[in-house]
Amino acid sequence: MVMESGVIFGIDIAKGSSRAKELPKYAVAVLKGGEITHHTMVRLPRILKMVREEHPEYIAVDNIFELAPVKKELVRFLEKLPEGVTLVQVTGGLHKKSLLHLAKENGLSFNQFDPNEEAEVCARLAGMGVGSEVSLFEDITKIKVSRARSLGRGGWSQNRYRRKVHGAVRERAREVEAILKKASKERGFTYDSRISKGFGGYVRAEFTVFARRDQVPVGSGSTADAQINVSSVVRDKIHYTPLKKLKRRPTIVGIDPGTTVGIAILSFEGELQLLKSIRGISHDEVVKLIAEYGKPAVIATDVTPTPGAVEKIRRSFNAVINTPSAEISSEEKIALGRPYGYSNDHERDSLAAALYAYRSYKNMFSRVEKKAPPHLDLDQIKLYVIQGSSIGEAIEKVSGVPLPEKKPVEPLQVADEDVVERERKVSEKLKLKDTQIINLKDYVRELKKELKAKDKRISKLELKLEKMREANHLEIRRDKEIEIRDHKISALKKDLNRSKKSLKRAHNDIRKLKQIRKMELKGEGIPVKILPTFTREAILETKDRLNIKKGDVILLEDASGGSTVTASMVVELGVRAVITSSNVTYAAEDVFFRADIPLLKNVRLQRVDDLAVIDPEVLQKALDEWEEQAERKRQEEKEKKLKHLVDEYRSERRRGLA
């Protein structure tokens with residue numbers, strides 16, 4: 001199936017090698033409108049010139065290292081390509097297939113010893129969507145603003161010169177930042193900055209823009225004192241993307257972030273492609289799922305400002321962010337999502353975000369459909385418009401044909417008298433301008449004199465300031481030492497207060513322990529051994545640590561999660577009673593009841609940390625109450641059992657009489 005659109009260049013090496021000193025020559029096949037044009041024995045600089053003239057969609061080769069021997073040279077080649085030109089290796093990425101095998105699979109034949117035919121096959125395979133796009137750049141751009149000249153060794157005017165250069169760097173940096181602020185709002189990317197300040201301005205300023213180089217409206221350049229260097233960030237490894245995936249249709253994606261992530265994907269026609277909510281899904285898994293349904297052009301959220309998780313997903317696709325101008329109400333979300341249906345609030349919120357974004361672009365999509373020629377890719381035109389282009393510019397980018405320029409209006413014939421009058425007026429204006437120039441020159445001379453006087457004064461003040469700094473240096477150091485000591489004293493006071501509080505708590509604990517010990521010695525208290533959780537591991541650990549033995553009373557702090565097994569382990573210890581303040585499971589309670597071990601709830605006792613005692617009278621009272629309840633329960637079970645036997649006997653009698 002042929003997918004070709006626009007112009008495709010197929011290239012194959014014809015003579016020499018990319019690793020040789022002499023420049024190699026190539027065979028170039030230009031595929032345009034289904035027709036092939038061959039160019040033989042062409043060197044690489046000539047190919048680059050042809051690329052700039054023709055602006056092909058793809059440059060197709062069977063091996064990218066035929067164009068450059070190493071990755072560094074390949075980076076230089078890709079940097080020279082115009083925007084929108086893609087380098088394709090038709091034999092695949094990391095796992096390559098032979099060109100002959102691929103040609104047979106796609107119904108093509110060629111003489112593998114003829115470079116012209118190999119170049120033609122490369123072009124036709126790329127047009128069919130065979131191969132992988134070669135990418136060496138991250139979607140990150142670095143901008144560095146620095147001095148354009150060295151400051152030198154210096155002299156009497158060194159400080160003034162340094163201030164001038166650093167001031168120029170600061171001005172260029174502020175201009176760049178203003179451009180990036182405006183572009184980030186229009187194109188939806190973000191950036192970070194790092195400033196190194198110097199005397200009178202900036203030594204350097206570095207900006208990291210999270211967007212491709214062609215999306216950053218800042219170019220390299222220099223002035224007398226400052227320079228701007230813009231470069232893309234090179235990947236550690238060459239990245240290959242299957243070409244057919246590049247033909248994915250653009251989509252609008254709504255995201256509801258959180259522990260459970262809601263995802264809604266719409267086409268540019270408003271058709272729902274996916275509506276799903278997934279719990280505990282990672283960022284990489286979200287990106288992979290979204291990519292399976294197309295290329296996201298817009299990432300939408302239903303809240304403002306944009307959550308960090310949504311911004312991270314947007315950066316992964318370099319898409320445009322869409323947020324509502326005001327909070328979307330629950331009623332509006334329900335109304336938006338009702339025609340599509342949803343299962344939970346996460347799906348509702350992501351669907352509302354996607355539909356809100358689609359609604360904001362819907363009128364623009366209609367204008368594109370009316371203005372664009374029918375044979376062009378409407379989705380691609382809409383994508384360019386979303387990214388900031390006008391409809392006319394987007395159509396021009398997709399078609400590759402510049403829009404017709406308006407014909408200049410022919411100047412009207414002017415009568416000779418009018419010409420003379422105009423010449424007189426122009427002459428008068430020139431004389432006036434000359435007078436103004438003379439006045440301005442005089443004014444400039446005066447300003448230069450004032451500037452010279454101010455420079456002298458600044459030099460004197462700087463010298464005076466330096467002397468004052470030296471005089472105050474010892475005083476500043478002394479104040480700094482005092483400040484450091486004050487901080488240390490404050491920290492030590494805080495530590496002392498914490499120690500006093502800890503000591504006070506320890507005294508209280510000791511007092512309680514003494515009271516408990518007296519009660520034990522007098523027989524006024526019975527020790528209670530504490531079991532923190534109702535698990536197998538806790539029972540075994542507490543048994544060994546506290547030496548739980550037959551006849552002990554234990555306190556079960558957390559009774560949740562108990563089972564027949566853990567209850568049986570407590571029964572095997574032979575304890576006298578189990579105290580708890582929370583409900584145990586029915587299974588565990590039944591095990592205690594069958595083993596005739598009292599399960600006492602909400603019994604008052606005294607406790608310090610891992611120690612506790614209970615008043616013997618309180619314990620005995622609780623045991624008596626449990627015994628009464630247990631006896632009633634035993635009687636009820638006996639009655640149920642007797643009733644069951646009677647019912648069973650009656651049933652057998654009825655069957656016998658029948």
# chains A, B, ... in the order shown; residues from 1 in each chain; ligands from 1
>>> select_by_dssp(residues="range 32-168 of chain A", states="strand (DSSP E or B)", output="number ranges by chain")
A: 32, 35-42, 58-61, 86-89, 132-147
>>> write_last_selection(atoms="N, CA, C and O atoms", output="compact mmCIF listing (two decimals), in the first residue's frame")
# COMPACT_ATOMS: atom_id res chain seq x y z
N LYS A 32 8.58 11.96 -6.66
CA LYS A 32 7.66 13.08 -6.57
C LYS A 32 6.45 12.78 -7.45
O LYS A 32 6.58 12.61 -8.66
N GLU A 35 6.58 9.75 -9.75
CA GLU A 35 7.62 9.76 -10.78
C GLU A 35 8.99 9.83 -10.12
O GLU A 35 9.19 10.49 -9.10
N ILE A 36 9.97 9.14 -10.75
CA ILE A 36 11.33 9.08 -10.21
C ILE A 36 12.28 9.88 -11.09
O ILE A 36 12.26 9.75 -12.31
N THR A 37 13.11 10.70 -10.43
CA THR A 37 14.18 11.41 -11.13
C THR A 37 15.51 10.99 -10.50
O THR A 37 15.65 11.05 -9.27
N HIS A 38 16.47 10.56 -11.35
CA HIS A 38 17.76 10.07 -10.85
C HIS A 38 18.84 11.13 -10.99
O HIS A 38 18.90 11.86 -11.98
N HIS A 39 19.70 11.20 -9.96
CA HIS A 39 20.89 12.05 -10.00
C HIS A 39 22.07 11.16 -9.61
O HIS A 39 22.03 10.51 -8.55
N THR A 40 23.09 11.13 -10.41
CA THR A 40 24.22 10.22 -10.17
C THR A 40 25.46 10.99 -9.78
O THR A 40 25.67 12.15 -10.17
N MET A 41 26.31 10.31 -8.97
CA MET A 41 27.62 10.83 -8.56
C MET A 41 27.49 12.24 -7.96
O MET A 41 28.12 13.21 -8.39
N VAL A 42 26.66 12.35 -6.93
CA VAL A 42 26.42 13.63 -6.26
C VAL A 42 27.10 13.60 -4.90
O VAL A 42 26.98 12.63 -4.15
N TYR A 58 10.86 12.87 3.43
CA TYR A 58 11.80 11.88 3.95
C TYR A 58 13.09 11.89 3.15
O TYR A 58 13.09 12.13 1.94
N ILE A 59 14.21 11.59 3.83
CA ILE A 59 15.47 11.20 3.19
C ILE A 59 15.68 9.75 3.57
O ILE A 59 15.92 9.44 4.74
N ALA A 60 15.58 8.85 2.60
CA ALA A 60 15.58 7.41 2.88
C ALA A 60 16.91 6.79 2.48
O ALA A 60 17.41 7.02 1.37
N VAL A 61 17.52 6.02 3.39
CA VAL A 61 18.78 5.30 3.13
C VAL A 61 18.63 3.89 3.69
O VAL A 61 17.77 3.62 4.52
N THR A 86 12.69 14.42 7.53
CA THR A 86 12.95 13.28 8.40
C THR A 86 13.92 12.31 7.74
O THR A 86 13.74 11.95 6.57
N LEU A 87 14.94 11.89 8.50
CA LEU A 87 15.88 10.87 8.02
C LEU A 87 15.32 9.49 8.37
O LEU A 87 14.97 9.22 9.52
N VAL A 88 15.23 8.61 7.35
CA VAL A 88 14.62 7.29 7.53
C VAL A 88 15.62 6.22 7.11
O VAL A 88 16.23 6.30 6.04
N GLN A 89 15.78 5.21 7.97
CA GLN A 89 16.56 4.01 7.62
C GLN A 89 15.55 2.92 7.27
O GLN A 89 14.89 2.38 8.16
N SER A 132 12.36 3.05 9.71
CA SER A 132 12.30 3.72 11.01
C SER A 132 12.88 5.13 10.90
O SER A 132 13.90 5.33 10.23
N GLU A 133 12.21 6.05 11.58
CA GLU A 133 12.75 7.41 11.67
C GLU A 133 13.98 7.41 12.57
O GLU A 133 13.98 6.78 13.62
N VAL A 134 15.02 8.14 12.18
CA VAL A 134 16.26 8.23 12.95
C VAL A 134 16.23 9.55 13.72
O VAL A 134 16.11 10.62 13.13
N SER A 135 16.33 9.44 15.05
CA SER A 135 16.30 10.64 15.90
C SER A 135 17.53 10.65 16.79
O SER A 135 17.80 9.68 17.49
N LEU A 136 18.28 11.76 16.77
CA LEU A 136 19.46 11.92 17.62
C LEU A 136 19.30 13.03 18.64
O LEU A 136 20.22 13.30 19.42
N PHE A 137 18.12 13.68 18.64
CA PHE A 137 17.94 14.82 19.53
C PHE A 137 16.78 14.58 20.48
O PHE A 137 15.74 14.04 20.09
N GLU A 138 16.99 14.98 21.76
CA GLU A 138 15.90 14.98 22.73
C GLU A 138 14.96 16.14 22.42
O GLU A 138 15.32 17.07 21.67
N ASP A 139 13.78 16.13 23.00
CA ASP A 139 12.86 17.26 22.87
C ASP A 139 13.22 18.33 23.89
O ASP A 139 12.37 18.84 24.64
N ILE A 140 14.52 18.65 23.93
CA ILE A 140 15.05 19.66 24.87
C ILE A 140 16.01 20.55 24.11
O ILE A 140 16.82 20.07 23.31
N THR A 141 15.93 21.86 24.34
CA THR A 141 16.81 22.83 23.68
C THR A 141 17.55 23.64 24.74
O THR A 141 16.95 24.07 25.72
N LYS A 142 18.87 23.82 24.53
CA LYS A 142 19.70 24.59 25.44
C LYS A 142 20.00 25.96 24.82
O LYS A 142 20.40 26.03 23.65
N ILE A 143 19.81 27.01 25.59
CA ILE A 143 20.15 28.37 25.15
C ILE A 143 21.15 28.94 26.15
O ILE A 143 20.87 28.99 27.35
N LYS A 144 22.32 29.38 25.62
CA LYS A 144 23.36 29.92 26.49
C LYS A 144 23.67 31.35 26.05
O LYS A 144 24.00 31.59 24.89
N VAL A 145 23.55 32.29 26.99
CA VAL A 145 23.90 33.69 26.74
C VAL A 145 25.17 33.98 27.54
O VAL A 145 25.19 33.79 28.76
N SER A 146 26.23 34.44 26.86
CA SER A 146 27.51 34.65 27.52
C SER A 146 28.25 35.83 26.89
O SER A 146 27.77 36.45 25.94
N ARG A 147 29.45 36.11 27.41
CA ARG A 147 30.27 37.19 26.86
C ARG A 147 30.74 36.82 25.47
O ARG A 147 31.07 35.67 25.19
>>> residues_around(residues="Leu272 in chain A", least_positions_apart="6", cutoff="12 Å", atoms="only C-alpha atoms", output="compact mmCIF listing (two decimals) with all heavy atoms, in the first residue's frame")
# COMPACT_ATOMS: atom_id res chain seq x y z
N THR A 251 -4.60 13.15 18.34
CA THR A 251 -5.73 12.96 19.25
C THR A 251 -5.77 14.06 20.30
O THR A 251 -4.81 14.80 20.49
CB THR A 251 -5.63 11.60 19.97
OG1 THR A 251 -4.37 11.53 20.67
CG2 THR A 251 -5.73 10.44 18.99
N ILE A 252 -6.92 14.13 20.99
CA ILE A 252 -7.09 15.01 22.15
C ILE A 252 -7.28 14.10 23.36
O ILE A 252 -8.18 13.26 23.38
CB ILE A 252 -8.30 15.94 21.98
CG1 ILE A 252 -8.10 16.86 20.77
CG2 ILE A 252 -8.55 16.75 23.23
CD1 ILE A 252 -9.32 17.68 20.42
N VAL A 253 -6.42 14.25 24.39
CA VAL A 253 -6.40 13.33 25.53
C VAL A 253 -6.75 14.09 26.80
O VAL A 253 -6.15 15.12 27.11
CB VAL A 253 -5.01 12.68 25.68
CG1 VAL A 253 -5.01 11.69 26.85
CG2 VAL A 253 -4.61 11.97 24.40
N GLY A 254 -7.75 13.58 27.53
CA GLY A 254 -8.12 14.13 28.83
C GLY A 254 -7.56 13.24 29.93
O GLY A 254 -7.67 12.01 29.85
N ILE A 263 -8.46 8.22 31.88
CA ILE A 263 -7.94 8.58 30.56
C ILE A 263 -9.10 8.58 29.57
O ILE A 263 -9.84 7.60 29.48
CB ILE A 263 -6.86 7.59 30.09
CG1 ILE A 263 -5.73 7.48 31.12
CG2 ILE A 263 -6.29 8.00 28.73
CD1 ILE A 263 -4.73 6.38 30.82
N ALA A 264 -9.25 9.68 28.82
CA ALA A 264 -10.24 9.78 27.75
C ALA A 264 -9.52 10.29 26.50
O ALA A 264 -8.79 11.28 26.57
CB ALA A 264 -11.37 10.72 28.13
N ILE A 265 -9.71 9.60 25.37
CA ILE A 265 -9.03 9.97 24.12
C ILE A 265 -10.09 10.21 23.04
O ILE A 265 -10.94 9.35 22.79
CB ILE A 265 -8.05 8.87 23.67
CG1 ILE A 265 -7.00 8.62 24.76
CG2 ILE A 265 -7.36 9.26 22.36
CD1 ILE A 265 -6.02 7.51 24.43
N LEU A 266 -10.03 11.39 22.39
CA LEU A 266 -10.95 11.76 21.32
C LEU A 266 -10.17 11.99 20.04
O LEU A 266 -9.02 12.43 20.06
CB LEU A 266 -11.70 13.05 21.67
CG LEU A 266 -12.59 13.07 22.92
CD1 LEU A 266 -13.15 14.46 23.13
CD2 LEU A 266 -13.72 12.07 22.78
N TYR A 293 -3.11 4.80 20.78
CA TYR A 293 -4.33 5.31 20.13
C TYR A 293 -4.06 6.52 19.25
O TYR A 293 -4.98 7.14 18.75
CB TYR A 293 -5.37 5.66 21.20
CG TYR A 293 -5.98 4.44 21.83
CD1 TYR A 293 -5.34 3.80 22.89
CD2 TYR A 293 -7.17 3.88 21.35
CE1 TYR A 293 -5.88 2.67 23.48
CE2 TYR A 293 -7.70 2.75 21.93
CZ TYR A 293 -7.06 2.15 22.99
OH TYR A 293 -7.60 1.03 23.56
N GLY A 337 -20.56 14.41 29.67
CA GLY A 337 -20.26 12.99 29.52
C GLY A 337 -21.45 12.09 29.31
O GLY A 337 -21.30 10.93 28.95
N PRO A 339 -23.81 11.74 26.94
CA PRO A 339 -23.98 11.05 25.64
C PRO A 339 -23.00 9.89 25.43
O PRO A 339 -23.29 8.98 24.66
CB PRO A 339 -23.72 12.16 24.61
CG PRO A 339 -23.96 13.44 25.34
CD PRO A 339 -23.53 13.18 26.74
N TYR A 340 -21.87 9.92 26.13
CA TYR A 340 -20.85 8.88 25.92
C TYR A 340 -20.94 7.77 26.96
O TYR A 340 -20.63 6.62 26.68
CB TYR A 340 -19.45 9.50 26.00
CG TYR A 340 -19.18 10.52 24.91
CD1 TYR A 340 -19.53 11.86 25.07
CD2 TYR A 340 -18.58 10.14 23.71
CE1 TYR A 340 -19.29 12.80 24.07
CE2 TYR A 340 -18.33 11.07 22.71
CZ TYR A 340 -18.69 12.40 22.90
OH TYR A 340 -18.45 13.31 21.91
N GLY A 341 -21.37 8.13 28.19
CA GLY A 341 -21.45 7.16 29.27
C GLY A 341 -20.10 6.99 29.95
O GLY A 341 -19.05 7.08 29.31
N TYR A 342 -20.11 6.76 31.28
CA TYR A 342 -18.87 6.56 32.03
C TYR A 342 -19.19 5.72 33.26
O TYR A 342 -20.35 5.59 33.67
CB TYR A 342 -18.25 7.90 32.44
CG TYR A 342 -19.19 8.86 33.11
CD1 TYR A 342 -19.44 8.78 34.48
CD2 TYR A 342 -19.85 9.85 32.38
CE1 TYR A 342 -20.32 9.66 35.10
CE2 TYR A 342 -20.73 10.73 32.98
CZ TYR A 342 -20.96 10.63 34.35
OH TYR A 342 -21.83 11.49 34.96
N SER A 350 -11.97 12.92 33.31
CA SER A 350 -11.07 12.90 32.14
C SER A 350 -11.86 13.14 30.85
O SER A 350 -11.39 13.85 29.95
CB SER A 350 -10.33 11.56 32.08
OG SER A 350 -11.24 10.48 31.93
N LEU A 351 -13.08 12.57 30.76
CA LEU A 351 -13.91 12.78 29.58
C LEU A 351 -14.34 14.25 29.47
O LEU A 351 -14.32 14.83 28.38
CB LEU A 351 -15.14 11.86 29.64
CG LEU A 351 -16.12 11.94 28.47
CD1 LEU A 351 -15.43 11.60 27.16
CD2 LEU A 351 -17.31 11.01 28.70
N ALA A 352 -14.68 14.85 30.60
CA ALA A 352 -15.07 16.26 30.59
C ALA A 352 -13.91 17.14 30.14
O ALA A 352 -14.09 18.09 29.38
CB ALA A 352 -15.55 16.68 31.98
N ALA A 354 -11.38 16.28 28.13
CA ALA A 354 -11.17 16.09 26.70
C ALA A 354 -12.26 16.79 25.88
O ALA A 354 -11.96 17.45 24.87
CB ALA A 354 -11.14 14.60 26.37
N LEU A 355 -13.51 16.66 26.31
CA LEU A 355 -14.62 17.29 25.58
C LEU A 355 -14.55 18.82 25.67
O LEU A 355 -14.88 19.52 24.71
CB LEU A 355 -15.95 16.79 26.12
CG LEU A 355 -16.28 15.32 25.81
CD1 LEU A 355 -17.50 14.87 26.60
CD2 LEU A 355 -16.51 15.13 24.32
N TYR A 358 -11.94 19.76 23.18
CA TYR A 358 -12.45 19.61 21.80
C TYR A 358 -13.42 20.74 21.46
O TYR A 358 -13.37 21.29 20.35
CB TYR A 358 -13.17 18.26 21.67
CG TYR A 358 -13.90 18.10 20.35
CD1 TYR A 358 -13.19 17.90 19.16
CD2 TYR A 358 -15.29 18.17 20.30
CE1 TYR A 358 -13.86 17.77 17.95
CE2 TYR A 358 -15.96 18.04 19.10
CZ TYR A 358 -15.24 17.85 17.93
OH TYR A 358 -15.90 17.73 16.73
>>> residues_around(residues="Thr535 in chain A", least_positions_apart="4", cutoff="12 Å", atoms="only C-alpha atoms", output="list in words")
Leu531, Ile539, Leu540, Glu541, Thr542, Leu556, Glu557, Asp558, Ala559, Ser560, Gly561, Gly562, Ser563, Thr564, Val565, Thr566, Ala567, Ser568, Met569, Val570 and Ala588 of chain A
>>> closest_residue(among="A:Phe199, A:Phe317, A:Phe207, A:Tyr161", to="Val176 in chain A", atoms="only C-alpha atoms")
A:Phe207
>>> residues_around(residues="range 163-174 of chain A", least_positions_apart="2", cutoff="12 Å", atoms="only C-alpha atoms", output="number ranges by chain")
A: 143-152, 157-161, 176-181, 193-207, 218-229, 455, 458
